[in-house]
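Heads up: the structure comes next, in structure tokens.
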Amino acid sequence: MMELLRRVWTGFKALWPIEAFRRPAPSAEMLRLRGLEYSRRFFSPEGFTGVCALSSFVITMLILFFLIQQGLPILQYMGYGPYVLPLLKEMGYSEYIWLLNNGNIVTGLVNFVTGSTWDPSGFNFGILPLIAGTFIVVGGALLIALPIGILSAIHLAEYCSPTVKNIVKPIIELLAGVPSVVYGFVGLTILAPWIANIFSLRSGQSALAGSIILSIMILPTIVSISEDAISSVPKDYKEASLALGATHFQTVWRVLLPAAISGITASIILAIGRALGETMAVLMVCGGVANIPPLSLEMFLTSVKPMTAAIAAEMGETAVGSVHYHALFGVGLVLFGITYIVNFVADLINARFRKKFGGSR
Amino acid sequence: MSDEKEWVTIRNRVCIGEILFSIPTFIILAAFIIIIGVVVYYGAPVISVEFLTGNPGYRMLYGGEFMPYGGILPMIFGTLALVTGAMCIAVPLGVLSAIYLNEYLHEGKFKSFINQTISNLAGVPSIVFGLFGFAFFSKQLNFGVSLISGWFILGFMALPIIIKSTEEALKTIPRGFREASLALGATKWETITSVVLPVAAPGISTGTILGVGRVAGETAAILFAAAIFYQSSLYPASIFQPVMALTYHLYYEATSSPFASVNRPYEFGTALVLLGLVLLFSLAAIYIRNKSRKRRKGW
């Protein structure tokens with residue numbers, strides 16, 4: 001009986017074409033050789049340096065993964081609408097938050113980003129005030145730093161003597177090395193009282209103070225990269241223009257600047273990326289009130305709370321795993337997204353500029 | 001006629017652009033001098049041997065509040081410990097990455113992808129690094145608020161700087177150096193370790209020192225995962241204990257302490273020590289780079 005079954009089974013198996021295509025199981029010897037081959041590949045110089053080179057990719061992915069993992073719950077909660085969480089809190093059911101764990105993430109993101117009240121104790125998690133704070137401070141910093149930075153880059157590249165350049169460039173690099181907490185401290189102790197005096201405010205901790213400090217922090221980026229861009233415009237351009245009878249100023253204005261414009265743009269966008277992510281200075285100087293300021297010049301004198309400052313100031317007071325905790329990770333996720341896009345654009349422009357002239361950066 | 005001629009000569013001698021464009025540079029220099037000057041002016045009187053080598057203490061004030069006095073040695077130690085560990089992670093990883101990118105990898109899509117990732121990593125805000133470090137090292141890997149979390153976070157932050165500057169140093173080495181070594185029968189790896197790396201050493205050390213400067217001045221990244229304002233043992237007993245760092249100490253003293261405004265001299269002293277430490281590293285990096293640039297002109 002068993003014999004018959006076996007024969008039937010064998011015949012049945014023969015009907016399967018898969019058997020015919022299946023490779024023989026690897027022998028022990030083959031496995032050993034394959035293992036040797038893989039280990040030889042890995043332990044070769046090319047192998048392990050290659051693994052190291054992948055590390056920055058792995059780290060970026062890890063950062064993204066943990067931001068999403070911890071930030072996702074708030075987007076799900078907000079997916080039920082911006083008023084559900086405060087209502088739950090009002091009714092005293094805040095421990096049943098987990099019931100909201102299935103909201104639409106896209107709707108949640110929209111509610112999260114466009115919500116106009118940031119009040120963690122009342123379970124209002126709309127980050128528009130924080131985004132507004134960030135953009136006011138960064139916008140103000142750009143208004144100050146752009147003219148100063150670009151004119152200074154032109155001066156260093158075209159007008160000043162080599163001696164001056166050799167003194168000024170290292171100083172600008174040193175300025176880039178000053179820790180942000182020192183900038184924030186000087187802003188807090190020196191700049192804020194000045195602003196309070198000049199505008200007769202109660203406290204000088206305002207968007208204006210943040211903008212001024214931030215502009216000093218991004219100036220080195222703008223100056224050094226723009227200077228590189230202007231210097232790497234080929235000499236022929238300048239000589240051709242001068243030979244046609246243009247003055248030095250006309251040459252700079254009409255020839256060099258248009259030629260270097262994409263490098264200068266890249267420097268500006270890179271500086272915006274830096275400014276968006278700057279934490280300690282804006283945390284110490286901006287005052288930290290999460291309100292949407294009025295749309296007038298007065299907004300620079302109000303106290304604002306940029307996204308980075310909100311994370312830094314509130315993370316210490318929240319319980320791990322609370323809604324507020326997830327909301328702060330949500331803010332981090334939005335911040336990461338914005339800076340990622342900004343840096344990506346800067347890289348694209350920079351690559352195009354490099355292709356054009358083969359500059360040093 | 002002669003008036004016009006005079007005007008033309010004056011205009012030629014004193015270039016309008018020169019005056020116009022030099023003002024912004026002066027503004028930048030003035031900002032630099034004001035910031036450094038303020039910190040030095042208010043901080044220098046506090047600096048003493050006791051301040052640099054003493055432990056912080058807390059004096060009772062009215063109402064049972066505390067006010068710090070004494071020195072900042074544990075914070076200096078904490079900052080140096082963070083920097084050393086971070087560099088032990090970042091330098092080998094960064095240098096090996098740069099070697100792969102420059103010596104083994106051919107130009108192409110994969111290379112530009114990796115370069116893109118590196119510059120994106122450099123652009124990640126430090127507070128996001130802090131969030132990530134807290135979620136990953138402190139919570140997921142259960143390191144807690146500790147020195148070792150700080151090492152990893154700061155090491156990852158310094159990685160792009162070190163990769164970029166090492167790559168730059170490797171790129172400037174002439175091909176003849178490598179070809180000569182290969183022609184003598186050395187393998188590629190022997191060429192890298194005995195010819196390429198020694199020549200690139202100044203560039204690598206410039207990158208390392210720049211990384212040290214950035215890491216030593218970093219606050220936001222260690223805010224949640226590594227730093228503590230005060231612990232009774234002062235120094236971390238193991239790598240799984242939090243650490244007192246200069247930057248976090250300055251931030252906390254200046255904003256969160258109830259005696260922030262009474263204690264300004266102490267805070268300025270801390271700021272001066274931090275600034276001195278960081279600027280020393282930056283100056284060293286600039287010095288080494290300029291020196292190696294001069295040498296490179298000979299090739």
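Residues in the structure tokens are named by chain (A, B, ... in the order shown) and by number from 1 within that chain; ligands are numbered from 1 in the order shown.
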
What lies within 12 Å of Cys52 (chain A) using only C-alpha atoms, ignoring chain neighbours under 2 positions off, as a PyMOL selection string?
(chain A and resi 42+45-50+54-59) or (chain B and resi 89-101+114+159+163)

Looking only at the backbone, which of the residues in region 131-317 of chain A does DSSP tag as helix (DSSP H, G or I), as a PyMOL selection string?
chain A and resi 131-159+162-177+180-198+207-231+235-243+248-277+280-285+297-301+307-317

Give me the residues near region 124-139 of chain A as a list in words, where near means some atom within 7 Å (using only C-alpha atoms) and where sequence neighbours in that chain fewer than 2 positions away do not count.
Pro86, Asn111, Phe112, Val113, Thr114, Gly115, Ser116, Thr117, Trp118, Asp119, Pro120, Gly122, Ala141, Leu142, Leu143, Ala207, Gly210, Ser211, Ala275, Leu276, Ala290, Asn291, Ile292, Val304, Lys305, Pro306, Met307 and Ala327 of chain A

Pull C-alpha atoms from the residues just selected and write them as an mmCIF file, in the first residue's frame.
```cif
data_model
loop_
_atom_site.group_PDB
_atom_site.id
_atom_site.type_symbol
_atom_site.label_atom_id
_atom_site.label_comp_id
_atom_site.auth_asym_id
_atom_site.auth_seq_id
_atom_site.Cartn_x
_atom_site.Cartn_y
_atom_site.Cartn_z
ATOM 1 C CA PRO A 86 -10.116 70.001 22.669
ATOM 2 C CA ASN A 111 -5.553 70.389 10.135
ATOM 3 C CA PHE A 112 -2.224 70.284 11.974
ATOM 4 C CA VAL A 113 -0.511 72.775 9.678
ATOM 5 C CA THR A 114 -3.442 75.172 9.255
ATOM 6 C CA GLY A 115 -4.764 75.125 12.831
ATOM 7 C CA SER A 116 -4.452 78.624 14.226
ATOM 8 C CA THR A 117 -4.183 77.896 17.954
ATOM 9 C CA TRP A 118 -1.203 76.344 19.682
ATOM 10 C CA ASP A 119 -2.303 75.642 23.221
ATOM 11 C CA PRO A 120 -1.011 72.265 24.423
ATOM 12 C CA GLY A 122 -6.111 72.871 26.044
ATOM 13 C CA ALA A 141 16.781 88.033 9.045
ATOM 14 C CA LEU A 142 16.865 87.821 5.241
ATOM 15 C CA LEU A 143 15.783 91.469 4.874
ATOM 16 C CA ALA A 207 10.815 88.844 16.448
ATOM 17 C CA GLY A 210 15.505 87.189 16.692
ATOM 18 C CA SER A 211 15.838 88.544 13.148
ATOM 19 C CA ALA A 275 17.968 79.965 9.536
ATOM 20 C CA LEU A 276 14.879 77.740 9.533
ATOM 21 C CA ALA A 290 2.659 81.329 20.280
ATOM 22 C CA ASN A 291 0.335 83.873 18.676
ATOM 23 C CA ILE A 292 -0.204 84.742 15.036
ATOM 24 C CA VAL A 304 6.797 84.981 18.592
ATOM 25 C CA LYS A 305 7.526 81.293 19.007
ATOM 26 C CA PRO A 306 9.242 79.652 16.027
ATOM 27 C CA MET A 307 8.863 75.901 15.472
ATOM 28 C CA ALA A 327 2.611 66.884 18.499
#
```

Interatomic distance, CA of Val262 (chain B) to CA of Leu80 (chain B) (Å, one decimal):
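Atom-to-atom, CA of Val262 (chain B) to CA of Leu80 (chain B), that is 28.2 Å.
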
Counting only C-alpha atoms, which of B:Ala135, B:Val40, B:Leu154, B:Ala183 gets nearest to chain A?
B:Ala135

Considering only C-alpha atoms, return as a PyMOL selection string whatever protein or nucleic-acid residues lie within 7 Å of Val278 (chain B), sequence-local ones (same chain, fewer than 5 positions apart) excluded.
(chain A and resi 177-178) or (chain B and resi 213+216-217)

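Using only C-alpha atoms, the shortest contact distance between Phe281 (chain B) and any of A:Pro179, A:Lys169, A:Phe65, A:Gly149 is found at A:Pro179.
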